[in-house]
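Visitor: Please find my_file_3.cif (mmCIF, C-alpha atoms and all ligand atoms) on the next line:
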data_final
loop_
_atom_site.group_PDB
_atom_site.id
_atom_site.type_symbol
_atom_site.label_atom_id
_atom_site.label_comp_id
_atom_site.auth_asym_id
_atom_site.auth_seq_id
_atom_site.Cartn_x
_atom_site.Cartn_y
_atom_site.Cartn_z
ATOM 1 C CA MET A 1 86.997 4.028 73.041
ATOM 2 C CA PRO A 2 89.619 1.918 71.254
ATOM 3 C CA ASP A 3 91.741 -0.266 73.508
ATOM 4 C CA PHE A 4 95.313 -1.536 73.447
ATOM 5 C CA ALA A 5 96.086 -4.681 71.453
ATOM 6 C CA THR A 6 96.890 -7.870 73.341
ATOM 7 C CA PRO A 7 100.322 -9.427 72.690
ATOM 8 C CA PRO A 8 101.518 -11.242 70.706
ATOM 9 C CA ILE A 9 101.033 -8.477 68.134
ATOM 10 C CA SER A 10 101.601 -9.045 64.422
ATOM 11 C CA PRO A 11 103.708 -6.469 62.563
ATOM 12 C CA PHE A 12 101.619 -3.541 61.368
ATOM 13 C CA ALA A 13 101.948 0.006 60.013
ATOM 14 C CA ILE A 14 101.049 3.065 62.098
ATOM 15 C CA ARG A 15 100.350 6.334 60.332
ATOM 16 C CA PHE A 16 100.669 9.661 62.038
ATOM 17 C CA ASP A 17 99.199 12.986 61.023
ATOM 18 C CA ALA A 18 101.438 15.723 62.410
ATOM 19 C CA GLU A 19 98.880 18.487 61.901
ATOM 20 C CA ALA A 20 95.957 16.621 63.458
ATOM 21 C CA ALA A 21 98.273 14.972 66.030
ATOM 22 C CA THR A 22 96.700 11.568 65.573
ATOM 23 C CA LEU A 23 97.936 8.003 65.268
ATOM 24 C CA SER A 24 96.092 5.451 63.173
ATOM 25 C CA PRO A 25 95.060 2.824 64.089
ATOM 26 C CA GLU A 26 94.076 4.317 67.411
ATOM 27 C CA GLY A 27 94.567 3.049 70.917
ATOM 28 C CA PRO A 28 93.187 4.765 74.015
ATOM 29 C CA THR A 29 93.221 8.547 74.504
ATOM 30 C CA LEU A 30 94.043 10.030 77.908
ATOM 31 C CA GLU A 31 92.746 13.472 78.830
ATOM 32 C CA ARG A 32 94.407 15.558 81.537
ATOM 33 C CA ARG A 33 92.370 18.402 82.942
ATOM 34 C CA MET A 34 93.582 21.166 85.236
ATOM 35 C CA SER A 35 92.272 19.229 88.248
ATOM 36 C CA ASP A 36 94.647 16.368 87.337
ATOM 37 C CA LEU A 37 97.645 18.709 87.779
ATOM 38 C CA GLU A 38 97.252 19.332 91.511
ATOM 39 C CA GLY A 39 100.434 20.440 93.264
ATOM 40 C CA LEU A 40 102.356 21.096 90.045
ATOM 41 C CA PHE A 41 101.869 24.833 89.417
ATOM 42 C CA ALA A 42 103.650 27.187 91.807
ATOM 43 C CA ASP A 43 100.527 29.293 92.414
ATOM 44 C CA HIS A 44 98.041 26.992 94.153
ATOM 45 C CA ASP A 45 95.302 29.652 94.297
ATOM 46 C CA ALA A 46 95.549 30.293 90.547
ATOM 47 C CA TRP A 47 95.410 26.534 89.904
ATOM 48 C CA GLN A 48 92.320 26.203 92.123
ATOM 49 C CA ALA A 49 90.633 29.144 90.351
ATOM 50 C CA ALA A 50 91.266 27.492 86.956
ATOM 51 C CA VAL A 51 89.752 24.221 88.220
ATOM 52 C CA ALA A 52 86.685 26.119 89.436
ATOM 53 C CA ASP A 53 86.481 28.040 86.148
ATOM 54 C CA GLY A 54 85.602 25.115 83.884
ATOM 55 C CA ASP A 55 88.500 22.783 84.691
ATOM 56 C CA PRO A 56 89.973 23.056 81.156
ATOM 57 C CA VAL A 57 91.727 20.248 79.306
ATOM 58 C CA VAL A 58 95.470 20.988 79.535
ATOM 59 C CA TYR A 59 96.666 18.093 77.365
ATOM 60 C CA ARG A 60 95.610 14.895 75.637
ATOM 61 C CA VAL A 61 97.635 11.761 74.947
ATOM 62 C CA GLN A 62 96.551 9.572 72.045
ATOM 63 C CA SER A 63 98.196 6.146 71.952
ATOM 64 C CA SER A 64 98.608 3.592 69.195
ATOM 65 C CA PRO A 65 97.321 0.088 70.004
ATOM 66 C CA VAL A 66 100.777 -1.055 71.203
ATOM 67 C CA PRO A 67 100.376 -1.592 74.965
ATOM 68 C CA GLU A 68 102.586 -0.487 77.841
ATOM 69 C CA ALA A 69 103.890 -3.977 78.433
ATOM 70 C CA ASP A 70 107.429 -5.201 79.002
ATOM 71 C CA ARG A 71 109.480 -5.565 75.771
ATOM 72 C CA GLU A 72 106.835 -3.756 73.685
ATOM 73 C CA LEU A 73 107.626 -0.318 72.201
ATOM 74 C CA PRO A 74 104.493 1.849 72.574
ATOM 75 C CA GLN A 75 103.990 5.246 70.948
ATOM 76 C CA SER A 76 101.707 8.158 71.700
ATOM 77 C CA ILE A 77 101.067 11.707 70.532
ATOM 78 C CA THR A 78 100.608 14.333 73.239
ATOM 79 C CA THR A 79 99.007 17.694 72.483
ATOM 80 C CA ILE A 80 99.388 20.449 75.079
ATOM 81 C CA GLU A 81 96.988 23.374 74.754
ATOM 82 C CA ARG A 82 98.283 26.924 74.839
ATOM 83 C CA GLY A 83 97.764 28.541 78.201
ATOM 84 C CA THR A 84 99.305 29.807 81.403
ATOM 85 C CA THR A 85 98.426 29.574 85.078
ATOM 86 C CA ALA A 86 99.723 32.633 86.958
ATOM 87 C CA GLY A 87 102.228 33.041 84.127
ATOM 88 C CA GLU A 88 103.446 29.442 84.203
ATOM 89 C CA CYS A 89 103.190 27.754 80.794
ATOM 90 C CA TRP A 90 100.844 24.795 80.500
ATOM 91 C CA MET A 91 102.698 21.527 80.673
ATOM 92 C CA THR A 92 102.457 17.802 81.218
ATOM 93 C CA LYS A 93 102.549 16.414 84.741
ATOM 94 C CA GLY A 94 106.051 15.090 84.178
ATOM 95 C CA HIS A 95 107.256 11.725 85.380
ATOM 96 C CA GLN A 96 110.224 9.553 86.120
ATOM 97 C CA HIS A 97 110.489 5.990 84.786
ATOM 98 C CA PRO A 98 110.597 3.701 87.847
ATOM 99 C CA ASN A 99 112.469 1.245 85.661
ATOM 100 C CA HIS A 100 115.149 3.648 84.362
ATOM 101 C CA GLN A 101 114.956 3.444 80.567
ATOM 102 C CA GLY A 102 115.387 5.989 77.759
ATOM 103 C CA GLU A 103 112.697 7.550 75.589
ATOM 104 C CA ILE A 104 112.484 9.800 72.529
ATOM 105 C CA TYR A 105 110.116 12.684 71.810
ATOM 106 C CA LEU A 106 109.712 13.951 68.222
ATOM 107 C CA ALA A 107 108.209 17.450 67.977
ATOM 108 C CA LEU A 108 105.407 17.570 65.392
ATOM 109 C CA HIS A 109 103.538 20.862 65.648
ATOM 110 C CA GLY A 110 103.789 24.153 67.528
ATOM 111 C CA THR A 111 106.592 25.306 69.793
ATOM 112 C CA GLY A 112 107.503 23.483 72.953
ATOM 113 C CA GLY A 113 110.270 22.407 75.194
ATOM 114 C CA LEU A 114 111.494 19.355 77.024
ATOM 115 C CA LEU A 115 112.462 19.913 80.657
ATOM 116 C CA MET A 116 114.545 17.173 82.256
ATOM 117 C CA PHE A 117 115.769 16.771 85.832
ATOM 118 C CA ASP A 118 117.805 13.997 87.413
ATOM 119 C CA GLY A 119 117.391 15.283 90.967
ATOM 120 C CA ASP A 120 120.541 17.390 90.648
ATOM 121 C CA ARG A 121 121.058 18.626 87.101
ATOM 122 C CA VAL A 122 118.398 20.305 84.972
ATOM 123 C CA GLU A 123 118.329 20.400 81.162
ATOM 124 C CA TRP A 124 116.056 22.217 78.716
ATOM 125 C CA LEU A 125 115.679 21.361 75.025
ATOM 126 C CA ASP A 126 113.872 23.656 72.585
ATOM 127 C CA MET A 127 111.417 21.486 70.668
ATOM 128 C CA THR A 128 110.246 22.590 67.216
ATOM 129 C CA PRO A 129 108.859 20.361 64.449
ATOM 130 C CA GLY A 130 111.533 17.903 63.326
ATOM 131 C CA THR A 131 113.482 17.908 66.610
ATOM 132 C CA ILE A 132 114.025 14.646 68.445
ATOM 133 C CA GLY A 133 114.617 15.131 72.153
ATOM 134 C CA TYR A 134 116.444 12.249 73.791
ATOM 135 C CA ILE A 135 115.588 11.452 77.403
ATOM 136 C CA PRO A 136 118.351 9.354 78.976
ATOM 137 C CA PRO A 137 117.574 6.747 81.645
ATOM 138 C CA GLY A 138 117.152 8.315 85.095
ATOM 139 C CA TRP A 139 115.990 11.767 83.966
ATOM 140 C CA ALA A 140 112.474 12.861 84.898
ATOM 141 C CA HIS A 141 110.812 14.613 81.961
ATOM 142 C CA ARG A 142 108.069 17.172 81.360
ATOM 143 C CA SER A 143 106.909 18.826 78.129
ATOM 144 C CA VAL A 144 105.884 22.476 78.034
ATOM 145 C CA ASN A 145 103.987 24.541 75.466
ATOM 146 C CA VAL A 146 105.860 27.837 75.078
ATOM 147 C CA GLY A 147 104.216 28.865 71.782
ATOM 148 C CA ASP A 148 101.009 30.494 70.601
ATOM 149 C CA GLU A 149 99.240 27.349 69.382
ATOM 150 C CA PRO A 150 98.862 23.752 70.585
ATOM 151 C CA TYR A 151 102.178 21.881 70.870
ATOM 152 C CA SER A 152 102.246 18.217 69.768
ATOM 153 C CA PHE A 153 104.954 15.579 69.975
ATOM 154 C CA LEU A 154 105.302 11.873 69.317
ATOM 155 C CA ALA A 155 106.713 9.773 72.165
ATOM 156 C CA VAL A 156 108.316 6.345 71.676
ATOM 157 C CA TYR A 157 109.218 4.514 74.862
ATOM 158 C CA PRO A 158 109.889 1.080 76.342
ATOM 159 C CA GLY A 159 106.618 -0.497 77.400
ATOM 160 C CA GLY A 160 108.037 -1.628 80.742
ATOM 161 C CA ALA A 161 109.427 1.781 81.762
ATOM 162 C CA GLY A 162 106.379 2.813 83.825
ATOM 163 C CA HIS A 163 105.317 6.283 85.002
ATOM 164 C CA ASP A 164 106.182 7.627 88.451
ATOM 165 C CA TYR A 165 104.336 10.945 88.836
ATOM 166 C CA GLY A 166 104.991 11.093 92.590
ATOM 167 C CA TRP A 167 108.716 11.541 91.932
ATOM 168 C CA VAL A 168 108.002 14.990 90.449
ATOM 169 C CA LEU A 169 105.785 16.004 93.380
ATOM 170 C CA GLU A 170 108.587 15.000 95.740
ATOM 171 C CA HIS A 171 111.644 16.294 93.870
ATOM 172 C CA GLY A 172 110.271 18.985 91.538
ATOM 173 C CA MET A 173 111.637 19.528 88.036
ATOM 174 C CA GLY A 174 114.541 21.900 88.702
ATOM 175 C CA ASN A 175 113.009 24.821 86.824
ATOM 176 C CA ARG A 176 109.639 26.378 86.074
ATOM 177 C CA ILE A 177 108.791 27.831 82.665
ATOM 178 C CA HIS A 178 107.112 31.237 82.654
ATOM 179 C CA ARG A 179 105.714 33.186 79.739
ATOM 180 C CA THR A 180 107.324 36.621 79.372
ATOM 181 C CA GLY A 181 106.541 39.599 77.150
ATOM 182 C CA ASP A 182 108.686 38.337 74.300
ATOM 183 C CA GLY A 183 108.803 34.602 74.885
ATOM 184 C CA PHE A 184 109.495 32.498 77.943
ATOM 185 C CA ALA A 185 111.961 32.210 80.790
ATOM 186 C CA LEU A 186 113.285 29.396 82.943
ATOM 187 C CA ARG A 187 113.034 30.221 86.630
ATOM 188 C CA PRO A 188 114.088 28.368 89.775
ATOM 189 C CA TYR A 189 111.577 25.725 90.825
ATOM 190 C CA SER A 190 110.788 27.377 94.165
ATOM 191 C CA ALA A 191 109.905 30.719 92.539
HETATM 192 FE FE FE B 1 108.441 8.854 79.872
#
Write the structure described by the file as structure tokens, please.
Guide:
Amino acid sequence: MPDFATPPISPFAIRFDAEAATLSPEGPTLERRMSDLEGLFADHDAWQAAVADGDPVVYRVQSSPVPEADRELPQSITTIERGTTAGECWMTKGHQHPNHQGEIYLALHGTGGLLMFDGDRVEWLDMTPGTIGYIPPGWAHRSVNVGDEPYSFLAVYPGGAGHDYGWVLEHGMGNRIHRTGDGFALRPYSA
């Protein structure tokens, strides 16, 4: 598997293919299976059944070679598969940046949303191709596939921001996103 480049990095061009959801040249690709999302879906039994039933890939993150290192500006493309677990739309784990810094997501393909939570306030942005969602410092963020095909977005973020996944397990994300007959609905986190 390709690895991250080692700084200092010379200037270089990165091409992205919105349809294929790939960056070139490639860095590492991260795969998140259902078993990696323990404690995140409301229905634990449904989550456990999905793990036992093939443990499907929920999303993949393909990075460029720019590393997650302080002062660098890494990029990645995340693709979330279409699916639900007890009605809850498939999603990323969600994280807070331990070092509070902003980030942008650019929707590339499919229909998704960006759920943000600062521990008090919750915000939802509809994400369709061409939309940039801005994540301000201090807001935990999770992407959700609410459409009928894979949802892909490009992320650009400060390399020193870090990923705190435990924050979401402790504080939740404010809302849960459920598929409904004619679309999706935001419901309270405890529901
Ligand atoms: Fe982030």
Visitor: A:Arg176, A:His141, A:Arg82, A:Arg121: which is nearest Gln101 (chain A), counting all atoms listed in the file?
Guide: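 Comparing A:Arg176, A:His141, A:Arg82, A:Arg121 against Gln101 (chain A), the winner is A:His141.
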Visitor: Enumerate, as a list in words, the residues matched when the PyMOL selection byres (((chain A and resi 123) around 10) and not hetatm) is run on the file above.
Guide: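 Selected by the PyMOL selection byres (((chain A and resi 123) around 10) and not hetatm) in this file: Leu114, Leu115, Met116, Phe117, Asp118, Arg121, Val122, Trp124, Leu125, Trp139, His141, Met173, Gly174 and Asn175 of chain A.
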Visitor: When distances are computed from all atoms listed in the file, which of A:Gly83, A:Gly119, A:Gly112, A:Gly172 shows the smallest separation from Val144 (chain A)?
Guide: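 Among A:Gly83, A:Gly119, A:Gly112, A:Gly172, it is A:Gly112 that comes nearest to Val144 (chain A).
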Visitor: Counting all atoms listed in the file, name the residues that have an atom within 9 Å of an atom of ligand FE 1 (chain B); the answer should be given as a list in words.
Guide: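 Selection of residues at most 9 Å from ligand FE 1 (chain B): Gly94, His95, Gln96, His97, Gln101, Gly102, Glu103, Ile104, Ile135, Ala140, His141, Arg142, Ala155, Val156, Tyr157, Pro158, Ala161, Gly162, His163 and Asp164 of chain A.
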Visitor: Figure out the distance between CA of Gly181 (chain A) and CA of Leu108 (chain A), please, to one decimal in Å.
Guide: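 Between CA of Leu108 (chain A) and CA of Gly181 (chain A) the gap is 25.0 Å.
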Visitor: Counting only C-alpha atoms, which of A:Tyr189, A:Phe153, A:Tyr165, A:Trp90 gets nearest to Val61 (chain A)?
Guide: A:Phe153
Visitor: What gap, in Å, lies between CA of Gly113 (chain A) and CA of His44 (chain A)?
Guide: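 Rounded to one decimal, the two atoms are 23.0 Å apart.
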Visitor: Take the PyMOL selection byres (((chain A and resi 179) around 8) and not hetatm), run it mentally on this structure, and tell me the resulting residues as number ranges by chain.
Guide: A: 84, 87-89, 146, 177-178, 180-181, 183-185
Visitor: So how far away is CA of Thr131 (chain A) from CA of Pro65 (chain A), in Å?
Guide: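 Rounded to one decimal, the two atoms are 24.3 Å apart.
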Visitor: Which residue is closest to Ser76 (chain A)? Choose from A:Pro137, A:Gly159, A:Gly147, A:Pro8 and count all atoms listed in the file.
Guide: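 Using all atoms listed in the file, Ser76 (chain A) sits closest to A:Gly159.
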Visitor: Which is closer to Gln48 (chain A) than all the others in A:Thr111, A:Thr85, A:Ser190, A:Gln75, using only C-alpha atoms?
Guide: A:Thr85
Visitor: Using the chain letters and numbers from the file, which residues does the PyMOL selection byres (((chain A and resi 24) around 8) and not hetatm) grab, as an MDAnalysis selection string?
Guide: chainID A and resid 14:16 22:23 25:26 64
Visitor: Write out the residues from the selection above, keeping C-alpha atoms, as an mmCIF file, in the frame of the given file.
Guide:
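Saved as selection24.cif:
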data_model
loop_
_atom_site.group_PDB
_atom_site.id
_atom_site.type_symbol
_atom_site.label_atom_id
_atom_site.label_comp_id
_atom_site.auth_asym_id
_atom_site.auth_seq_id
_atom_site.Cartn_x
_atom_site.Cartn_y
_atom_site.Cartn_z
ATOM 1 C CA ILE A 14 101.049 3.065 62.098
ATOM 2 C CA ARG A 15 100.350 6.334 60.332
ATOM 3 C CA PHE A 16 100.669 9.661 62.038
ATOM 4 C CA THR A 22 96.700 11.568 65.573
ATOM 5 C CA LEU A 23 97.936 8.003 65.268
ATOM 6 C CA PRO A 25 95.060 2.824 64.089
ATOM 7 C CA GLU A 26 94.076 4.317 67.411
ATOM 8 C CA SER A 64 98.608 3.592 69.195
#
Visitor: Using only C-alpha atoms, find all polymer residues with an atom at most 9 Å away from the point (94.6, 3.7, 75.5); report them as a PyMOL selection string.
Guide: chain A and resi 1-4+26-30+61-67
Visitor: First collect every listed atom of region 74-77 of chain A; then fit an axis-aligned box around them, widen it by 5 Å on each side, and give centre and edge lengths in Å to one decimal, as lines of an AutoDock Vina configuration file.
Guide:
center_x = 102.8
center_y = 6.8
center_z = 71.6
size_x = 13.4
size_y = 19.9
size_z = 12.0
Visitor: Restricting the calculation to only C-alpha atoms, which member of A:Pro98, A:Thr128, A:Glu81, A:Pro188 is positioned closest to Asn145 (chain A)?
Guide: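 Of the candidates, the smallest distance to Asn145 (chain A) is held by A:Glu81.
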Visitor: What residues have an atom no more than 8 Å from (98.4, 22.9, 69.1) in the file's own frame, counting all atoms listed in the file, and can you write them as a list in words?
Guide: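 Protein and nucleic acid residues near the point are Thr79, Ile80, Glu81, Arg82, His109, Gly110, Glu149, Pro150, Tyr151 and Ser152 of chain A.
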Visitor: Dump region 143-176 of chain A with N, CA and C atoms to a file, as a PDB file, in the first residue's frame.
Guide:
ATOM      1  N   SER A 143     -19.959  12.573   8.868  1.00  0.00           N
ATOM      2  CA  SER A 143     -20.634  12.583   7.570  1.00  0.00           C
ATOM      3  C   SER A 143     -21.579  11.400   7.484  1.00  0.00           C
ATOM      4  N   VAL A 144     -22.685  11.612   6.766  1.00  0.00           N
ATOM      5  CA  VAL A 144     -23.757  10.616   6.701  1.00  0.00           C
ATOM      6  C   VAL A 144     -24.188  10.467   5.241  1.00  0.00           C
ATOM      7  N   ASN A 145     -24.407   9.230   4.816  1.00  0.00           N
ATOM      8  CA  ASN A 145     -24.949   8.988   3.478  1.00  0.00           C
ATOM      9  C   ASN A 145     -26.464   8.890   3.580  1.00  0.00           C
ATOM     10  N   VAL A 146     -27.168   9.868   3.019  1.00  0.00           N
ATOM     11  CA  VAL A 146     -28.638   9.861   3.083  1.00  0.00           C
ATOM     12  C   VAL A 146     -29.253   9.533   1.719  1.00  0.00           C
ATOM     13  N   GLY A 147     -28.394   9.189   0.730  1.00  0.00           N
ATOM     14  CA  GLY A 147     -28.882   8.965  -0.627  1.00  0.00           C
ATOM     15  C   GLY A 147     -28.990   7.488  -0.974  1.00  0.00           C
ATOM     16  N   ASP A 148     -29.122   7.237  -2.280  1.00  0.00           N
ATOM     17  CA  ASP A 148     -29.334   5.880  -2.774  1.00  0.00           C
ATOM     18  C   ASP A 148     -28.106   5.307  -3.463  1.00  0.00           C
ATOM     19  N   GLU A 149     -26.975   5.970  -3.321  1.00  0.00           N
ATOM     20  CA  GLU A 149     -25.721   5.502  -3.917  1.00  0.00           C
ATOM     21  C   GLU A 149     -24.593   5.900  -2.971  1.00  0.00           C
ATOM     22  N   PRO A 150     -23.370   5.459  -3.220  1.00  0.00           N
ATOM     23  CA  PRO A 150     -22.272   5.862  -2.334  1.00  0.00           C
ATOM     24  C   PRO A 150     -22.134   7.393  -2.299  1.00  0.00           C
ATOM     25  N   TYR A 151     -21.787   7.921  -1.149  1.00  0.00           N
ATOM     26  CA  TYR A 151     -21.570   9.364  -0.985  1.00  0.00           C
ATOM     27  C   TYR A 151     -20.076   9.604  -0.758  1.00  0.00           C
ATOM     28  N   SER A 152     -19.484  10.494  -1.589  1.00  0.00           N
ATOM     29  CA  SER A 152     -18.055  10.788  -1.494  1.00  0.00           C
ATOM     30  C   SER A 152     -17.833  12.267  -1.266  1.00  0.00           C
ATOM     31  N   PHE A 153     -16.814  12.574  -0.464  1.00  0.00           N
ATOM     32  CA  PHE A 153     -16.428  13.975  -0.256  1.00  0.00           C
ATOM     33  C   PHE A 153     -14.923  14.066  -0.061  1.00  0.00           C
ATOM     34  N   LEU A 154     -14.405  15.231  -0.462  1.00  0.00           N
ATOM     35  CA  LEU A 154     -12.990  15.546  -0.266  1.00  0.00           C
ATOM     36  C   LEU A 154     -12.851  16.327   1.034  1.00  0.00           C
ATOM     37  N   ALA A 155     -11.927  15.924   1.879  1.00  0.00           N
ATOM     38  CA  ALA A 155     -11.629  16.661   3.113  1.00  0.00           C
ATOM     39  C   ALA A 155     -10.255  17.310   2.986  1.00  0.00           C
ATOM     40  N   VAL A 156     -10.154  18.551   3.457  1.00  0.00           N
ATOM     41  CA  VAL A 156      -8.862  19.254   3.529  1.00  0.00           C
ATOM     42  C   VAL A 156      -8.739  19.798   4.941  1.00  0.00           C
ATOM     43  N   TYR A 157      -7.676  19.436   5.638  1.00  0.00           N
ATOM     44  CA  TYR A 157      -7.615  19.732   7.070  1.00  0.00           C
ATOM     45  C   TYR A 157      -6.185  19.941   7.538  1.00  0.00           C
ATOM     46  N   PRO A 158      -6.019  20.700   8.627  1.00  0.00           N
ATOM     47  CA  PRO A 158      -4.670  20.931   9.150  1.00  0.00           C
ATOM     48  C   PRO A 158      -4.066  19.626   9.663  1.00  0.00           C
ATOM     49  N   GLY A 159      -2.831  19.370   9.276  1.00  0.00           N
ATOM     50  CA  GLY A 159      -2.208  18.095   9.600  1.00  0.00           C
ATOM     51  C   GLY A 159      -2.000  17.868  11.088  1.00  0.00           C
ATOM     52  N   GLY A 160      -2.011  18.942  11.881  1.00  0.00           N
ATOM     53  CA  GLY A 160      -1.797  18.802  13.313  1.00  0.00           C
ATOM     54  C   GLY A 160      -3.088  18.778  14.116  1.00  0.00           C
ATOM     55  N   ALA A 161      -4.239  18.719  13.426  1.00  0.00           N
ATOM     56  CA  ALA A 161      -5.527  18.811  14.135  1.00  0.00           C
ATOM     57  C   ALA A 161      -5.809  17.575  14.992  1.00  0.00           C
ATOM     58  N   GLY A 162      -5.437  16.400  14.490  1.00  0.00           N
ATOM     59  CA  GLY A 162      -5.668  15.150  15.225  1.00  0.00           C
ATOM     60  C   GLY A 162      -7.101  14.662  15.114  1.00  0.00           C
ATOM     61  N   HIS A 163      -7.363  13.462  15.633  1.00  0.00           N
ATOM     62  CA  HIS A 163      -8.689  12.850  15.594  1.00  0.00           C
ATOM     63  C   HIS A 163      -9.017  12.284  16.967  1.00  0.00           C
ATOM     64  N   ASP A 164     -10.004  12.836  17.630  1.00  0.00           N
ATOM     65  CA  ASP A 164     -10.452  12.304  18.917  1.00  0.00           C
ATOM     66  C   ASP A 164     -11.815  11.630  18.705  1.00  0.00           C
ATOM     67  N   TYR A 165     -11.788  10.296  18.568  1.00  0.00           N
ATOM     68  CA  TYR A 165     -13.032   9.548  18.357  1.00  0.00           C
ATOM     69  C   TYR A 165     -13.763   9.317  19.679  1.00  0.00           C
ATOM     70  N   GLY A 166     -13.026   9.292  20.774  1.00  0.00           N
ATOM     71  CA  GLY A 166     -13.615   9.071  22.096  1.00  0.00           C
ATOM     72  C   GLY A 166     -14.567  10.193  22.497  1.00  0.00           C
ATOM     73  N   TRP A 167     -14.313  11.390  22.001  1.00  0.00           N
ATOM     74  CA  TRP A 167     -15.177  12.539  22.303  1.00  0.00           C
ATOM     75  C   TRP A 167     -16.616  12.237  21.895  1.00  0.00           C
ATOM     76  N   VAL A 168     -16.782  11.605  20.723  1.00  0.00           N
ATOM     77  CA  VAL A 168     -18.122  11.297  20.208  1.00  0.00           C
ATOM     78  C   VAL A 168     -18.779  10.208  21.052  1.00  0.00           C
ATOM     79  N   LEU A 169     -17.999   9.216  21.470  1.00  0.00           N
ATOM     80  CA  LEU A 169     -18.564   8.163  22.335  1.00  0.00           C
ATOM     81  C   LEU A 169     -19.032   8.762  23.655  1.00  0.00           C
ATOM     82  N   GLU A 170     -18.321   9.765  24.127  1.00  0.00           N
ATOM     83  CA  GLU A 170     -18.650  10.372  25.424  1.00  0.00           C
ATOM     84  C   GLU A 170     -19.798  11.377  25.320  1.00  0.00           C
ATOM     85  N   HIS A 171     -19.781  12.197  24.277  1.00  0.00           N
ATOM     86  CA  HIS A 171     -20.726  13.318  24.184  1.00  0.00           C
ATOM     87  C   HIS A 171     -21.844  13.101  23.174  1.00  0.00           C
ATOM     88  N   GLY A 172     -21.715  12.100  22.297  1.00  0.00           N
ATOM     89  CA  GLY A 172     -22.691  11.924  21.225  1.00  0.00           C
ATOM     90  C   GLY A 172     -22.499  12.966  20.135  1.00  0.00           C
ATOM     91  N   MET A 173     -23.491  13.027  19.232  1.00  0.00           N
ATOM     92  CA  MET A 173     -23.418  13.985  18.119  1.00  0.00           C
ATOM     93  C   MET A 173     -24.663  14.875  18.036  1.00  0.00           C
ATOM     94  N   GLY A 174     -25.474  14.873  19.106  1.00  0.00           N
ATOM     95  CA  GLY A 174     -26.624  15.779  19.119  1.00  0.00           C
ATOM     96  C   GLY A 174     -27.861  15.223  18.452  1.00  0.00           C
ATOM     97  N   ASN A 175     -27.671  14.643  17.272  1.00  0.00           N
ATOM     98  CA  ASN A 175     -28.786  14.049  16.522  1.00  0.00           C
ATOM     99  C   ASN A 175     -28.350  12.707  15.937  1.00  0.00           C
ATOM    100  N   ARG A 176     -29.371  11.914  15.565  1.00  0.00           N
ATOM    101  CA  ARG A 176     -29.145  10.716  14.759  1.00  0.00           C
ATOM    102  C   ARG A 176     -29.922  10.885  13.458  1.00  0.00           C
TER     103      ARG A 176
END
